[in-house]
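Shown next: final_14.txt, given as compact mmCIF, C-alpha atoms and all ligand atoms.
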# COMPACT_ATOMS: atom_id res chain seq x y z
CA MET F 1 -8.32 7.21 30.01
CA PRO F 2 -5.08 6.35 28.21
CA ASP F 3 -5.54 5.81 24.49
CA PRO F 4 -4.70 2.13 23.79
CA TYR F 5 -3.83 3.00 20.20
CA ALA F 6 -1.49 5.92 20.96
CA TRP F 7 1.56 3.65 20.55
CA PHE F 8 1.04 3.51 16.79
CA ASN F 9 1.64 7.20 16.25
CA GLU F 10 4.29 7.31 18.94
CA ALA F 11 6.21 4.60 17.04
CA LYS F 12 5.83 6.03 13.50
CA PHE F 13 8.35 3.53 12.16
CA GLY F 14 8.19 -0.27 12.16
CA MET F 15 9.88 -3.35 10.74
CA PHE F 16 8.04 -5.67 8.37
CA LEU F 17 9.50 -9.18 8.14
CA HIS F 18 8.84 -11.69 5.39
CA TRP F 19 10.35 -14.96 6.45
CA GLY F 20 9.32 -18.54 5.73
CA LEU F 21 10.22 -21.63 3.70
CA TYR F 22 10.60 -19.48 0.59
CA SER F 23 13.52 -17.67 2.27
CA LEU F 24 15.58 -20.83 1.78
CA LEU F 25 15.31 -20.47 -2.00
CA GLY F 26 16.04 -16.74 -2.08
CA LEU F 27 13.60 -16.03 -4.90
CA GLY F 28 10.95 -14.02 -3.12
CA GLU F 29 7.96 -14.99 -1.00
CA GLN F 30 5.75 -16.07 -3.90
CA VAL F 31 8.20 -18.45 -5.58
CA LEU F 32 5.91 -21.47 -5.13
CA LEU F 33 3.32 -20.04 -7.51
CA ARG F 34 5.38 -17.56 -9.53
CA GLY F 35 8.19 -20.06 -10.08
CA HIS F 36 5.72 -22.86 -10.96
CA LEU F 37 7.26 -25.15 -8.33
CA LYS F 38 5.67 -28.50 -7.58
CA PRO F 39 3.77 -28.12 -4.31
CA SER F 40 4.88 -31.59 -3.17
CA GLU F 41 8.55 -30.60 -3.68
CA TYR F 42 8.08 -27.23 -2.05
CA ARG F 43 6.62 -28.84 1.05
CA LYS F 44 9.88 -30.75 1.52
CA LEU F 45 11.59 -27.45 2.33
CA ALA F 46 9.90 -27.72 5.70
CA GLU F 47 12.38 -30.47 6.57
CA ARG F 48 15.31 -28.14 5.86
CA PHE F 49 13.95 -25.00 7.48
CA SER F 50 15.66 -25.50 10.84
CA ALA F 51 16.29 -21.78 11.37
CA PRO F 52 19.71 -22.22 13.02
CA ASN F 53 20.50 -18.49 13.07
CA TYR F 54 17.07 -17.25 13.99
CA ASP F 55 17.43 -15.02 17.03
CA ALA F 56 14.26 -13.03 17.54
CA HIS F 57 15.84 -11.06 20.37
CA GLU F 58 18.54 -9.89 17.99
CA TRP F 59 16.00 -9.03 15.26
CA ALA F 60 14.07 -6.94 17.74
CA ARG F 61 17.19 -5.20 19.04
CA MET F 62 18.21 -4.31 15.49
CA ALA F 63 14.75 -2.87 14.85
CA ARG F 64 14.75 -0.90 18.07
CA ASP F 65 18.24 0.44 17.44
CA ALA F 66 17.09 1.58 14.00
CA GLY F 67 14.44 3.68 15.74
CA MET F 68 11.49 1.38 15.12
CA GLY F 69 8.65 0.92 17.60
CA TYR F 70 6.99 -2.25 16.30
CA MET F 71 7.45 -5.30 14.12
CA VAL F 72 5.10 -7.25 11.87
CA LEU F 73 6.09 -10.86 11.06
CA THR F 74 4.60 -13.12 8.37
CA THR F 75 3.24 -15.85 10.64
CA LYS F 76 1.74 -17.48 7.54
CA HIS F 77 2.23 -16.35 3.95
CA HIS F 78 0.30 -17.46 0.84
CA ASP F 79 2.20 -20.78 0.75
CA GLY F 80 0.32 -21.95 3.85
CA TYR F 81 3.36 -22.78 6.01
CA CYS F 82 2.74 -21.59 9.57
CA LEU F 83 5.54 -20.37 11.81
CA PHE F 84 3.19 -21.03 14.74
CA ASP F 85 1.22 -24.01 15.99
CA SER F 86 -1.79 -23.89 13.71
CA PRO F 87 -4.52 -26.10 15.18
CA GLY F 88 -4.70 -29.49 13.45
CA TRP F 89 -2.15 -28.51 10.80
CA GLU F 90 1.16 -30.33 10.31
CA PHE F 91 2.66 -27.91 7.76
CA SER F 92 4.03 -25.68 10.48
CA ALA F 93 7.23 -24.94 12.38
CA PRO F 94 6.43 -26.98 15.52
CA HIS F 95 5.76 -30.09 13.41
CA THR F 96 8.65 -29.82 10.95
CA ALA F 97 12.39 -29.03 11.10
CA PRO F 98 12.30 -26.17 13.60
CA GLY F 99 10.38 -28.34 16.08
CA ARG F 100 9.22 -25.25 17.93
CA ASP F 101 6.85 -22.29 17.73
CA LEU F 102 8.81 -19.52 16.00
CA VAL F 103 6.09 -16.95 16.63
CA ALA F 104 6.39 -17.47 20.39
CA GLU F 105 10.09 -16.55 20.14
CA TYR F 106 9.28 -13.57 17.97
CA VAL F 107 6.78 -12.22 20.48
CA GLU F 108 9.29 -12.66 23.31
CA GLY F 109 11.96 -10.87 21.29
CA CYS F 110 9.64 -7.93 20.60
CA ARG F 111 8.67 -7.61 24.22
CA ALA F 112 12.24 -7.82 25.50
CA ALA F 113 13.20 -4.93 23.22
CA GLY F 114 10.11 -2.90 24.18
CA LEU F 115 8.55 -3.19 20.72
CA ARG F 116 4.88 -3.60 19.91
CA VAL F 117 3.87 -6.91 18.36
CA GLY F 118 2.33 -7.12 14.89
CA ILE F 119 1.12 -10.34 13.27
CA TYR F 120 0.92 -10.60 9.48
CA TYR F 121 -1.49 -13.31 8.37
CA SER F 122 -2.34 -14.23 4.79
CA LEU F 123 -5.98 -15.14 4.23
CA GLN F 124 -5.00 -16.61 0.94
CA ASP F 125 -3.62 -20.14 1.26
CA TRP F 126 -2.21 -22.06 -1.68
CA SER F 127 -2.38 -25.40 0.07
CA PHE F 128 -6.11 -25.51 -0.67
CA PRO F 129 -6.96 -26.35 -4.32
CA VAL F 130 -10.27 -24.52 -3.94
CA MET F 131 -8.24 -21.31 -4.09
CA PHE F 132 -7.53 -22.12 -7.72
CA ASP F 133 -10.62 -24.11 -8.72
CA GLY F 134 -12.97 -21.36 -7.57
CA PRO F 135 -15.28 -21.31 -4.56
CA ASP F 136 -18.13 -23.15 -6.29
CA ALA F 137 -15.93 -26.11 -7.20
CA ASP F 138 -15.76 -27.43 -3.66
CA PRO F 139 -17.86 -25.61 -1.06
CA ASP F 140 -16.86 -28.10 1.65
CA GLU F 141 -13.19 -27.45 1.14
CA LEU F 142 -13.83 -23.72 1.08
CA GLU F 143 -15.57 -24.08 4.43
CA ARG F 144 -12.58 -26.02 5.81
CA LEU F 145 -10.26 -23.25 4.63
CA VAL F 146 -12.36 -20.48 6.16
CA GLN F 147 -12.66 -22.45 9.39
CA LYS F 148 -8.89 -22.93 9.48
CA ILE F 149 -8.34 -19.21 9.08
CA HIS F 150 -10.74 -18.43 11.90
CA ASP F 151 -9.06 -21.06 14.11
CA ASP F 152 -5.64 -19.63 13.29
CA VAL F 153 -6.71 -16.11 14.18
CA ARG F 154 -8.13 -17.45 17.42
CA ALA F 155 -4.84 -19.25 18.19
CA LEU F 156 -2.72 -16.22 17.32
CA CYS F 157 -4.86 -14.02 19.53
CA SER F 158 -4.87 -16.51 22.43
CA ASN F 159 -1.41 -17.99 22.78
CA TYR F 160 1.02 -15.12 23.11
CA GLY F 161 -0.40 -12.53 25.48
CA GLN F 162 -1.01 -9.06 24.12
CA ILE F 163 -0.96 -8.63 20.34
CA ASP F 164 -0.92 -5.01 19.19
CA LEU F 165 -1.66 -5.23 15.48
CA MET F 166 -3.28 -7.84 13.24
CA TRP F 167 -2.07 -7.22 9.70
CA PHE F 168 -3.93 -9.09 6.93
CA ASP F 169 -3.01 -9.82 3.36
CA GLY F 170 -4.16 -11.86 0.37
CA ARG F 171 -7.82 -10.89 0.62
CA TRP F 172 -8.26 -11.44 -3.09
CA PRO F 173 -9.72 -13.39 -4.84
CA LEU F 174 -12.28 -14.65 -2.33
CA HIS F 175 -13.08 -11.27 -0.75
CA ASP F 176 -15.99 -11.61 1.65
CA LEU F 177 -16.02 -15.41 1.50
CA TRP F 178 -13.47 -15.33 4.33
CA ARG F 179 -16.27 -13.89 6.51
CA PRO F 180 -14.16 -10.95 7.66
CA LEU F 181 -16.77 -9.71 10.11
CA GLU F 182 -16.41 -12.91 12.12
CA ILE F 183 -12.62 -12.58 12.04
CA ASP F 184 -12.96 -9.03 13.30
CA ASP F 185 -15.23 -10.26 16.11
CA ILE F 186 -12.72 -12.95 17.17
CA ILE F 187 -9.92 -10.38 17.43
CA ARG F 188 -12.05 -7.97 19.43
CA GLU F 189 -13.19 -10.68 21.80
CA LEU F 190 -9.67 -11.95 22.51
CA GLN F 191 -7.59 -8.81 22.03
CA PRO F 192 -9.79 -5.80 22.71
CA ASP F 193 -6.97 -3.26 22.29
CA CYS F 194 -5.46 -4.77 19.15
CA MET F 195 -5.33 -2.63 16.02
CA ILE F 196 -6.44 -4.15 12.72
CA THR F 197 -5.56 -3.33 9.11
CA GLY F 198 -9.17 -2.48 8.32
CA ASP F 199 -8.85 -2.20 4.57
CA ARG F 200 -6.89 -5.43 4.29
CA LEU F 201 -9.48 -7.37 6.25
CA HIS F 202 -12.66 -5.74 4.99
CA GLY F 203 -11.61 -4.51 1.55
CA ALA F 204 -11.48 -1.10 -0.07
CA PRO F 205 -14.24 1.22 1.21
CA ALA F 206 -15.36 2.06 -2.33
CA GLN F 207 -15.89 -1.62 -3.07
CA PHE F 208 -17.30 -2.64 0.31
CA PRO F 209 -19.10 0.47 1.58
CA ASP F 210 -21.07 -1.43 4.23
CA SER F 211 -18.08 -2.88 6.07
CA PRO F 212 -17.36 -1.66 9.60
CA PHE F 213 -14.08 -0.29 8.28
CA ALA F 214 -15.77 1.76 5.54
CA ARG F 215 -18.23 3.05 8.13
CA ASN F 216 -15.39 3.39 10.66
CA ASP F 217 -17.74 2.34 13.42
CA ARG F 218 -15.31 0.14 15.36
CA PRO F 219 -12.19 1.50 17.07
CA GLY F 220 -8.61 0.60 16.33
CA TYR F 221 -8.51 0.31 12.55
CA ILE F 222 -5.52 1.39 10.56
CA ALA F 223 -5.39 1.73 6.79
CA SER F 224 -2.44 0.69 4.71
CA SER F 225 -0.91 1.63 1.44
CA GLU F 226 1.52 -0.69 -0.31
CA ARG F 227 4.59 0.78 -2.00
CA ARG F 228 2.69 3.97 -2.68
CA ILE F 229 1.81 6.87 -0.46
CA VAL F 230 -1.94 7.13 -0.80
CA ALA F 231 -3.98 8.33 2.15
CA SER F 232 -7.05 6.35 3.10
CA SER F 233 -10.50 7.73 2.42
CA VAL F 234 -11.41 6.58 5.93
CA PRO F 235 -9.94 8.94 8.54
CA VAL F 236 -7.92 6.45 10.60
CA PRO F 237 -4.19 6.24 11.31
CA TRP F 238 -2.41 4.88 8.28
CA GLU F 239 0.75 3.20 7.26
CA VAL F 240 2.85 2.89 4.13
CA CYS F 241 4.70 -0.38 3.70
CA ASP F 242 7.70 -0.57 1.42
CA ILE F 243 10.81 -2.61 0.86
CA ASN F 244 14.49 -2.20 1.69
CA GLN F 245 15.40 -3.79 -1.64
CA HIS F 246 13.91 -3.74 -5.08
CA ARG F 247 10.97 -6.00 -5.82
CA TRP F 248 9.92 -8.87 -3.58
CA TRP F 249 9.33 -8.95 0.14
CA GLY F 250 10.91 -12.31 0.98
CA TYR F 251 14.70 -12.73 0.64
CA VAL F 252 15.98 -12.50 -2.95
CA LYS F 253 19.59 -13.57 -3.06
CA HIS F 254 20.32 -12.03 -6.47
CA ASP F 255 18.74 -8.67 -5.73
CA HIS F 256 21.78 -6.50 -5.14
CA HIS F 257 19.83 -3.26 -5.14
CA TYR F 258 19.68 -2.39 -1.48
CA LYS F 259 18.14 1.05 -1.12
CA SER F 260 20.73 3.63 -0.18
CA ALA F 261 20.57 5.65 3.02
CA THR F 262 19.20 8.54 0.95
CA GLU F 263 16.43 6.44 -0.57
CA LEU F 264 15.45 5.08 2.84
CA VAL F 265 15.26 8.42 4.61
CA TYR F 266 13.43 9.94 1.64
CA LEU F 267 10.85 7.17 1.99
CA MET F 268 10.48 8.01 5.65
CA ALA F 269 10.27 11.75 4.99
CA GLU F 270 7.55 11.32 2.38
CA ALA F 271 5.48 8.90 4.45
CA LEU F 272 5.72 10.86 7.70
CA GLY F 273 5.29 14.18 5.91
CA GLN F 274 1.94 12.92 4.62
CA GLY F 275 1.00 11.71 8.09
CA ALA F 276 1.59 7.97 7.62
CA ASN F 277 3.74 5.49 9.50
CA LEU F 278 6.46 3.71 7.58
CA LEU F 279 6.59 -0.08 7.84
CA LEU F 280 9.87 -1.00 6.20
CA ASN F 281 10.28 -4.57 5.02
CA PHE F 282 13.31 -6.82 5.44
CA GLY F 283 13.65 -10.39 4.20
CA PRO F 284 15.93 -12.44 6.45
CA MET F 285 17.68 -15.42 4.86
CA GLY F 286 16.35 -18.96 5.31
CA CYS F 287 18.80 -19.63 8.14
CA GLY F 288 17.31 -16.70 10.04
CA ALA F 289 20.23 -14.28 9.64
CA PHE F 290 19.90 -10.81 8.14
CA PRO F 291 22.00 -10.13 5.03
CA GLN F 292 24.99 -7.96 5.93
CA ARG F 293 23.80 -5.08 3.74
CA ALA F 294 20.42 -5.08 5.45
CA ARG F 295 22.20 -4.75 8.78
CA GLU F 296 24.13 -1.79 7.43
CA GLN F 297 20.90 -0.18 6.26
CA LEU F 298 19.48 -0.57 9.75
CA GLU F 299 22.56 0.91 11.37
CA GLY F 300 22.37 3.92 9.05
CA LEU F 301 18.71 4.39 9.85
CA GLY F 302 19.55 4.19 13.54
CA ARG F 303 22.00 7.07 13.24
CA PHE F 304 19.37 9.14 11.43
CA THR F 305 16.48 8.38 13.78
CA GLU F 306 18.56 8.99 16.88
CA ARG F 307 19.52 12.49 15.73
CA ASN F 308 16.03 13.27 14.60
CA ALA F 309 13.82 11.40 17.07
CA GLU F 310 11.75 14.42 18.07
CA ALA F 311 10.68 15.04 14.44
CA ILE F 312 9.61 11.40 14.08
CA HIS F 313 7.89 9.94 17.13
CA ASP F 314 4.41 11.21 17.89
CA SER F 315 4.64 13.61 14.98
CA ALA F 316 1.85 14.64 12.65
CA GLY F 317 2.32 15.01 8.91
CA ALA F 318 2.62 18.66 7.94
CA ASN F 319 3.18 18.58 4.19
CA GLY F 320 -0.38 19.81 3.73
CA LEU F 321 0.33 23.02 5.63
CA PHE F 322 1.81 24.73 2.60
CA GLU F 323 0.53 24.08 -0.85
CA TYR F 324 3.97 23.89 -2.36
CA LEU F 325 7.08 22.60 -0.62
CA VAL F 326 10.30 23.26 -2.44
CA PHE F 327 12.81 21.94 0.06
CA GLY F 328 11.49 18.53 1.15
CA ASP F 329 8.85 17.42 3.65
CA MET F 330 7.45 18.54 7.00
CA THR F 331 6.20 17.05 10.24
CA ARG F 332 5.04 18.85 13.34
CA SER F 333 4.67 18.16 17.02
CA GLY F 334 3.04 20.58 19.45
CA GLU F 335 4.34 24.05 18.64
CA THR F 336 7.31 22.89 16.60
CA LEU F 337 7.44 22.54 12.85
CA TYR F 338 10.12 20.24 11.42
CA LEU F 339 11.50 20.91 7.98
CA TRP F 340 13.01 17.75 6.50
CA VAL F 341 15.42 19.46 4.13
CA LYS F 342 16.47 17.45 1.12
CA PHE F 343 17.68 20.46 -0.84
CA TRP F 344 20.05 22.41 1.37
CA GLN F 345 20.41 26.08 0.55
CA GLY F 346 23.76 26.83 2.17
CA GLU F 347 24.41 29.27 5.03
CA SER F 348 20.98 30.87 4.82
CA PHE F 349 17.73 28.96 4.46
CA HIS F 350 14.63 30.70 3.14
CA PHE F 351 11.01 29.71 3.24
CA ALA F 352 7.68 31.52 3.30
CA GLY F 353 4.13 31.02 4.44
CA LEU F 354 4.31 30.48 8.22
CA SER F 355 2.13 32.92 10.13
CA ASN F 356 3.30 32.23 13.72
CA GLU F 357 5.75 34.24 15.74
CA ILE F 358 8.94 32.20 15.85
CA ARG F 359 10.70 31.62 19.15
CA GLY F 360 13.79 30.06 17.62
CA ALA F 361 15.19 27.50 15.22
CA ARG F 362 17.48 24.52 15.67
CA VAL F 363 19.34 21.96 13.60
CA LEU F 364 18.39 18.58 15.03
CA GLY F 365 21.37 16.64 16.34
CA ARG F 366 23.63 19.71 16.14
CA ASP F 367 23.40 21.76 19.32
CA ASP F 368 26.64 23.48 18.39
CA ILE F 369 25.03 25.35 15.48
CA GLU F 370 23.43 28.65 16.52
CA VAL F 371 20.64 29.50 14.15
CA THR F 372 19.26 33.02 14.00
CA VAL F 373 15.86 33.76 12.57
CA GLU F 374 15.08 36.81 10.48
CA ARG F 375 11.65 37.68 9.32
CA ASP F 376 10.66 40.03 6.55
CA GLY F 377 6.91 39.97 6.20
CA ASP F 378 6.06 36.60 4.87
CA HIS F 379 9.67 35.60 4.38
CA ILE F 380 11.66 33.70 6.96
CA TYR F 381 15.43 33.38 6.80
CA LEU F 382 17.40 31.02 8.99
CA ARG F 383 21.00 32.21 9.21
CA GLY F 384 24.21 30.83 10.62
CA LEU F 385 23.91 27.44 8.94
CA PRO F 386 26.90 25.60 7.52
CA GLU F 387 27.49 25.84 3.78
CA LEU F 388 27.10 22.08 3.41
CA PRO F 389 24.21 20.14 4.96
CA PRO F 390 25.17 18.56 8.31
CA ASP F 391 23.45 15.40 7.10
CA PRO F 392 23.89 14.91 3.34
CA ASP F 393 20.66 12.88 3.07
CA ILE F 394 18.21 14.97 5.04
CA THR F 395 18.91 17.60 7.66
CA ILE F 396 15.98 18.50 9.86
CA LEU F 397 15.43 22.10 10.93
CA ALA F 398 13.14 22.61 13.92
CA ILE F 399 11.15 25.84 13.98
CA ASP F 400 9.80 26.54 17.47
CA CYS F 401 6.63 28.62 17.09
CA GLU F 402 4.29 30.54 19.33
CA GLY F 403 1.25 28.29 19.15
CA GLU F 404 0.56 25.50 16.72
CA PRO F 405 2.16 26.10 13.33
CA GLN F 406 -0.21 27.81 10.92
CA ALA F 407 0.14 28.89 7.32
CA THR F 408 -0.50 32.44 6.10
CA ASP F 409 -3.10 32.94 3.41
CA TRP F 410 -0.28 32.78 0.94
CA GLY F 411 0.81 29.39 2.15
CA ARG F 412 -2.66 27.94 2.07
CA TYR F 413 -4.19 29.72 -0.89
CA ARG F 414 -5.61 26.45 -2.11
CA LEU F 415 -8.02 26.42 0.80
CA HIS F 416 -9.81 29.59 -0.32
CA GLY F 417 -13.10 28.57 -1.85
CA GLY F 418 -12.04 26.15 -4.51
CA ASP F 419 -8.84 24.89 -5.98
CA TYR F 420 -7.18 28.05 -7.16
CA ASP F 421 -8.44 31.25 -5.71
CA MET F 422 -6.00 33.85 -6.95
CA ARG F 423 -7.33 36.62 -4.70
CA VAL F 424 -4.71 35.94 -2.01
CA TRP F 425 -2.14 37.14 -4.52
CA GLN F 426 -3.90 40.45 -5.35
CA ASP F 427 -1.46 42.61 -3.42
CA TRP F 428 1.56 40.63 -4.34
CA VAL F 429 1.13 41.05 -8.09
CA ARG F 430 1.26 44.84 -7.69
CA SER F 431 4.18 44.86 -5.27
C1 LIG E 1 1.84 -7.97 -1.80
C2 LIG E 1 2.53 -9.26 -2.20
C3 LIG E 1 2.72 -10.16 -1.00
C4 LIG E 1 3.33 -9.41 0.17
C5 LIG E 1 2.53 -8.16 0.45
C6 LIG E 1 3.10 -7.31 1.54
O1 LIG E 1 0.50 -8.20 -1.49
O2 LIG E 1 1.78 -9.91 -3.17
O3 LIG E 1 3.52 -11.23 -1.36
O4 LIG E 1 3.35 -10.21 1.28
O5 LIG E 1 2.47 -7.40 -0.70
O6 LIG E 1 2.27 -6.22 1.78

Could you show the structure in this file as structure tokens?
Amino acid sequence: MPDPYAWFNEAKFGMFLHWGLYSLLGLGEQVLLRGHLKPSEYRKLAERFSAPNYDAHEWARMARDAGMGYMVLTTKHHDGYCLFDSPGWEFSAPHTAPGRDLVAEYVEGCRAAGLRVGIYYSLQDWSFPVMFDGPDADPDELERLVQKIHDDVRALCSNYGQIDLMWFDGRWPLHDLWRPLEIDDIIRELQPDCMITGDRLHGAPAQFPDSPFARNDRPGYIASSERRIVASSVPVPWEVCDINQHRWWGYVKHDHHYKSATELVYLMAEALGQGANLLLNFGPMGCGAFPQRAREQLEGLGRFTERNAEAIHDSAGANGLFEYLVFGDMTRSGETLYLWVKFWQGESFHFAGLSNEIRGARVLGRDDIEVTVERDGDHIYLRGLPELPPDPDITILAIDCEGEPQATDWGRYRLHGGDYDMRVWQDWVRS
């Protein structure tokens, strides 16, 4: 039986998109609340949000060419504006300036480019005063809000064919009042193979230990970690989301700090090395176009991922193989270990701690470089490398092993009965 969730690990890298009315103002996705705007004024943006340059096919092509395998679009953020036809709700793209369902175009764009489709949906909704007055202030309104959310999830899971990932946000401050179990049931009924951000729908396992996510008793959950690389306590595939710029997720016109190519590939190395996917956020402008510098970032990423595809897609994180990594990060795939080298050592590269016989070594993307491998006990030397790194950001060295890569006792000393068992170093100290 094919694994319906295998695509997630195969992809490893995805595009997160924050785009909505707030993109017109260029002050981040939370400007309505954080900028103390008048809700009645903010709502008028819906008459200007005509999205003239929105081309979902182009967005998806840019993502694919950057090496990404899926996209996740904010179909509704905390401001309550829906890019899709939300049942009985006028504050949405089909009923305002765009005059059409922008999520339908997004899904078509993803499919045309061969990308998996992710739907971001904010539970939190600032168009309902009960969000601010507290749930006891108006139980009827709270019920209307919860019902709307359930109806929206139903619509999103019914109207666009196959959805691959439902990505939730804004669970606070109402927590279980959203009735997440029912939301989970709706998704499973309508989209049986859809993955779900389990922690973002059901809450942190420590806080909600009885949720199906904490118990991990339903298939298809992923866990997520926001702007930090922290593995989930529940053993499911996981994802780190982070931003191409500095602070907010929606377009910020005065944020001139676009992460450099080095920062972006370091992010990828660290996430994948720990075994996570990287969901990298971009904030298109209100008109629907990507800022020029974001396009350049994507092109740079495309050059990197094309050279290094085999170390990325379908890889497993391998940073945990050795207790201490001095050169960068590691992934592995089958019998190959990939060293993501941030700190290039020149013509000879040394590392220690791999127990396998080595069949050969390669520089990814550089077939013209002949690497020879020398072994001296625990020490491995790769020779014949150029003095300067072929890729100044990260060069990936592939080590083809006999069997699945394994660490020697030295490499994994931490695993010997407790944190620091010094016995593996007995011989070494006398040598
Ligand atoms: C944070 C922000 C929210 C953003 C989300 C993306 O929760 O508050 O605005 O959409 O991160 O993960």

- Task: To one decimal in Å, tell me the separation between atom CA of F:Pro392 and atom CA of F:Phe304.
- Result: 10.9 Å

- Query: In Å to one decimal, how far is atom CA of F:Arg332 from atom CA of F:Gln406?
  - Reply: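 Those two atoms sit 10.7 Å apart.
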
- Item | Who sits within 12 Å of F:Asp185, all atoms listed in the file, same chain under 6 positions skipped, as a list in words |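 Non-adjacent residues within range: His150, Val153, Arg154, Cys157, Arg179, Gln191, Pro192, Cys194, Ile196, Leu201, Pro212 and Arg218 of chain F.
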
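For the choices F:Tyr324, F:Pro205, F:Pro284, F:Gly14, the atom-to-atom distance to F:Asp55 is smallest for F:Pro284 when using only C-alpha atoms.
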
- Task: Residues within 10 Å of ligand LIG 1 (chain E) should be enumerated using all atoms listed in the file and returned as a count of residues only.
- Result: 37

- What separation in Å, quoted to one decimal, exists between atom CA of F:Arg111 and atom CA of F:Phe13?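 Atom-to-atom, atom CA of F:Arg111 and atom CA of F:Phe13 are spaced 16.4 Å apart.
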
Each residue of stretch 234-330 of chain F lying at most 12 Å from stretch 88-105 of chain F should get a row with its shortest atom-to-atom pair and the distance in Å to one decimal, counting only C-alpha atoms; could you produce that, ordered by chain and increasing number, as a Markdown table?
| residue | atom | partner | partner_atom | distance |
| --- | --- | --- | --- | --- |
| F:Gly286 | CA | F:Pro98 | CA | 11.7 |
| F:Cys287 | CA | F:Pro98 | CA | 10.7 |
| F:Gly288 | CA | F:Leu102 | CA | 10.8 |

- Task: May I have the residues within 9 Å of F:Gly365 as number ranges by chain, using only C-alpha atoms and disregarding those fewer than 3 positions away in the same chain?
- Result: F: 306-308, 362, 368, 396

- Query: Counting all atoms listed in the file, which of F:Pro173, F:Ala276, F:Pro180, F:Met62 gets nearest to F:Glu296?
  - Reply: F:Met62

- Task: May I have the protein, DNA and RNA residues with any atom at most 9 Å from the point (-1.0, 22.2, 5.7), counting all atoms listed in the file, written as a VMD selection string?
- Result: chain F and resid 317 to 323 406 to 407 411 to 412

Show me, as a compact mmCIF listing (two decimals) with C-alpha atoms, keeping the file's coordinate frame, the residues that have an atom within 12 Å of F:Ala155 when counting all atoms listed in the file, minus same-chain residues fewer than 3 positions from it.
# COMPACT_ATOMS: atom_id res chain seq x y z
CA THR F 75 3.24 -15.85 10.64
CA CYS F 82 2.74 -21.59 9.57
CA PHE F 84 3.19 -21.03 14.74
CA ASP F 85 1.22 -24.01 15.99
CA SER F 86 -1.79 -23.89 13.71
CA PRO F 87 -4.52 -26.10 15.18
CA GLY F 88 -4.70 -29.49 13.45
CA VAL F 103 6.09 -16.95 16.63
CA ALA F 104 6.39 -17.47 20.39
CA ILE F 119 1.12 -10.34 13.27
CA TYR F 121 -1.49 -13.31 8.37
CA LYS F 148 -8.89 -22.93 9.48
CA ILE F 149 -8.34 -19.21 9.08
CA HIS F 150 -10.74 -18.43 11.90
CA ASP F 151 -9.06 -21.06 14.11
CA ASP F 152 -5.64 -19.63 13.29
CA SER F 158 -4.87 -16.51 22.43
CA ASN F 159 -1.41 -17.99 22.78
CA TYR F 160 1.02 -15.12 23.11
CA GLY F 161 -0.40 -12.53 25.48
CA ILE F 163 -0.96 -8.63 20.34
CA ILE F 183 -12.62 -12.58 12.04
CA ILE F 186 -12.72 -12.95 17.17
CA ILE F 187 -9.92 -10.38 17.43
CA LEU F 190 -9.67 -11.95 22.51
CA GLN F 191 -7.59 -8.81 22.03

- Message: With distances taken over all atoms listed in the file, which residue among F:Pro235, F:Gly300, F:Pro291, F:Gly109 lies nearest F:Thr262?
- Response: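 Closest to F:Thr262 of all the choices is F:Gly300.
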